[in-house]
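Here is protein-v5.cif, consisting of mmCIF, C-alpha atoms, pLDDT in the B column; chains and numbers go by the auth columns:
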data_work
#
loop_
_atom_site.group_PDB
_atom_site.id
_atom_site.type_symbol
_atom_site.label_atom_id
_atom_site.label_comp_id
_atom_site.label_asym_id
_atom_site.label_seq_id
_atom_site.Cartn_x
_atom_site.Cartn_y
_atom_site.Cartn_z
_atom_site.B_iso_or_equiv
_atom_site.auth_seq_id
_atom_site.auth_asym_id
ATOM 1 C CA MET A 1 4.218 -29.007 -3.646 40.00 237 A
ATOM 2 C CA LYS A 2 2.325 -26.008 -5.012 43.00 238 A
ATOM 3 C CA ASN A 3 3.637 -24.034 -7.927 43.00 239 A
ATOM 4 C CA LYS A 4 4.595 -20.565 -6.672 47.00 240 A
ATOM 5 C CA LYS A 5 2.714 -18.975 -9.590 51.00 241 A
ATOM 6 C CA GLU A 6 -0.535 -20.451 -8.246 56.00 242 A
ATOM 7 C CA GLY A 7 -0.867 -17.754 -5.583 72.00 243 A
ATOM 8 C CA LYS A 8 -4.236 -16.797 -4.263 90.00 244 A
ATOM 9 C CA MET A 9 -5.650 -13.594 -5.672 95.00 245 A
ATOM 10 C CA LYS A 10 -7.532 -11.561 -3.102 97.00 246 A
ATOM 11 C CA GLU A 11 -9.725 -8.532 -3.519 98.00 247 A
ATOM 12 C CA TYR A 12 -8.730 -5.535 -1.429 98.00 248 A
ATOM 13 C CA GLU A 13 -9.958 -2.033 -0.898 98.00 249 A
ATOM 14 C CA VAL A 14 -6.789 0.063 -1.040 98.00 250 A
ATOM 15 C CA VAL A 15 -6.541 3.476 0.583 98.00 251 A
ATOM 16 C CA HIS A 16 -3.424 5.367 -0.526 97.00 252 A
ATOM 17 C CA GLU A 17 -2.543 8.458 1.510 95.00 253 A
ATOM 18 C CA ILE A 18 0.170 10.928 0.546 92.00 254 A
ATOM 19 C CA PHE A 19 1.153 13.200 3.406 87.00 255 A
ATOM 20 C CA ASN A 20 1.814 16.853 2.613 78.00 256 A
ATOM 21 C CA GLU A 21 5.218 18.132 3.705 71.00 257 A
ATOM 22 C CA CYS A 22 4.227 21.813 3.672 68.00 258 A
ATOM 23 C CA ALA A 23 4.019 23.215 7.218 64.00 259 A
ATOM 24 C CA ASN A 24 1.080 25.472 6.269 65.00 260 A
ATOM 25 C CA ASN A 25 -0.985 22.649 4.766 64.00 261 A
ATOM 26 C CA GLN A 26 -1.767 19.669 6.995 64.00 262 A
ATOM 27 C CA MET A 27 -4.114 18.071 4.434 69.00 263 A
ATOM 28 C CA ARG A 28 -3.199 14.888 2.614 76.00 264 A
ATOM 29 C CA ASP A 29 -4.157 13.375 -0.712 90.00 265 A
ATOM 30 C CA VAL A 30 -6.289 10.248 -0.317 94.00 266 A
ATOM 31 C CA PHE A 31 -7.069 7.796 -3.109 96.00 267 A
ATOM 32 C CA PHE A 32 -9.386 4.745 -2.986 97.00 268 A
ATOM 33 C CA GLU A 33 -9.527 1.746 -5.302 97.00 269 A
ATOM 34 C CA GLU A 34 -10.485 -1.916 -5.337 98.00 270 A
ATOM 35 C CA VAL A 35 -7.888 -4.336 -6.709 97.00 271 A
ATOM 36 C CA MET A 36 -7.416 -8.084 -7.199 98.00 272 A
ATOM 37 C CA ILE A 37 -3.838 -8.905 -6.218 97.00 273 A
ATOM 38 C CA GLU A 38 -1.733 -11.697 -4.737 96.00 274 A
ATOM 39 C CA ASP A 39 0.815 -9.635 -2.845 97.00 275 A
ATOM 40 C CA PRO A 40 0.205 -6.138 -1.416 97.00 276 A
ATOM 41 C CA GLU A 41 3.942 -5.410 -1.138 96.00 277 A
ATOM 42 C CA ALA A 42 4.533 -6.303 -4.787 96.00 278 A
ATOM 43 C CA TYR A 43 1.618 -4.018 -5.707 97.00 279 A
ATOM 44 C CA ILE A 44 3.288 -1.083 -3.896 97.00 280 A
ATOM 45 C CA ARG A 45 6.729 -1.806 -5.366 95.00 281 A
ATOM 46 C CA ASP A 46 5.192 -1.950 -8.845 95.00 282 A
ATOM 47 C CA ARG A 47 3.609 1.500 -8.362 94.00 283 A
ATOM 48 C CA HIS A 48 6.895 3.075 -7.202 92.00 284 A
ATOM 49 C CA LYS A 49 9.413 1.484 -9.578 87.00 285 A
ATOM 50 C CA ASP A 50 11.612 4.569 -9.889 78.00 286 A
ATOM 51 C CA SER A 51 11.660 5.566 -6.217 74.00 287 A
ATOM 52 C CA ASP A 52 14.086 4.991 -3.395 86.00 288 A
ATOM 53 C CA LEU A 53 11.532 2.938 -1.474 93.00 289 A
ATOM 54 C CA LYS A 54 11.425 2.006 2.206 95.00 290 A
ATOM 55 C CA LEU A 55 8.497 -0.070 3.485 96.00 291 A
ATOM 56 C CA GLU A 56 7.311 -0.954 6.963 97.00 292 A
ATOM 57 C CA ARG A 57 4.424 -3.436 7.271 98.00 293 A
ATOM 58 C CA GLU A 58 1.932 -3.386 10.128 98.00 294 A
ATOM 59 C CA ASP A 59 -0.701 -6.121 10.537 98.00 295 A
ATOM 60 C CA LEU A 60 -3.779 -5.119 12.522 98.00 296 A
ATOM 61 C CA ALA A 61 -5.908 -7.509 14.605 98.00 297 A
ATOM 62 C CA ASP A 62 -8.855 -7.189 12.175 97.00 298 A
ATOM 63 C CA GLY A 63 -6.756 -8.424 9.226 97.00 299 A
ATOM 64 C CA THR A 64 -6.064 -4.980 7.773 98.00 300 A
ATOM 65 C CA ILE A 65 -2.543 -4.546 6.390 98.00 301 A
ATOM 66 C CA LEU A 66 -0.846 -1.151 6.637 98.00 302 A
ATOM 67 C CA TYR A 67 2.304 -0.215 4.777 98.00 303 A
ATOM 68 C CA HIS A 68 4.151 2.896 5.908 97.00 304 A
ATOM 69 C CA VAL A 69 6.087 4.012 2.850 96.00 305 A
ATOM 70 C CA ASN A 70 8.934 6.471 2.443 94.00 306 A
ATOM 71 C CA THR A 71 9.646 7.277 -1.205 89.00 307 A
ATOM 72 C CA SER A 72 12.671 9.549 -1.422 84.00 308 A
ATOM 73 C CA GLY A 73 11.573 11.440 1.704 84.00 309 A
ATOM 74 C CA MET A 74 7.851 11.611 0.871 87.00 310 A
ATOM 75 C CA LEU A 75 5.708 9.832 3.464 91.00 311 A
ATOM 76 C CA GLN A 76 2.812 7.727 2.256 95.00 312 A
ATOM 77 C CA ARG A 77 0.567 5.035 3.687 97.00 313 A
ATOM 78 C CA TYR A 78 -1.271 2.190 1.996 98.00 314 A
ATOM 79 C CA THR A 79 -4.116 0.443 3.815 98.00 315 A
ATOM 80 C CA PHE A 80 -5.269 -2.932 2.449 98.00 316 A
ATOM 81 C CA THR A 81 -8.641 -4.223 3.656 98.00 317 A
ATOM 82 C CA GLU A 82 -9.740 -7.563 2.259 96.00 318 A
ATOM 83 C CA LEU A 83 -13.223 -7.514 0.720 96.00 319 A
#

Full structure transcribed into structure tokens:
Amino acid sequence: MKNKKEGKMKEYEVVHEIFNECANNQMRDVFFEEVMIEDPEAYIRDRHKDSDLKLEREDLADGTILYHVNTSGMLQRYTFTEL
């Protein structure tokens, strides 16, 4: 039996989009980074510790993982692509 702490670290390109709620501004903030992590959901939860967080995971056929995130009414999306 494997020790749970021996998870497999993976390298991901992460695209974090924050959708603008203003009706006159349809732009969104987009941030890119490369990270070594075990668990994409834990990564998101760690970044939003103080928020009322709702997550919805979507797995795409190409292996990309999308998380649709609602943090206290602010819509965001994280896209994880394994490198």

What residues come out when you apply the PyMOL selection byres ((chain A and resi 276-280) around 10) to this file, written as a PyMOL selection string? chain A and resi 246+248+250+252+271-275+281-285+289+291-293+301-303+305+314-316

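Atom pair atom CA of A:Glu270 / atom CA of A:Ile254: separated by 17.7 Å.
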
Interatomic distance, atom CA of A:Gly243 to atom CA of A:Asp286 (Å, one decimal):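 These atoms are spaced 25.9 Å apart.
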
Atom-to-atom span, atom CA of A:Phe255 and atom CA of A:Thr307, Å: 11.3 Å

Minimum-distance residue to A:Arg264, chosen among A:Met245, A:Ala297, A:Leu319, A:Met310 (using all atoms listed in the file): A:Met310
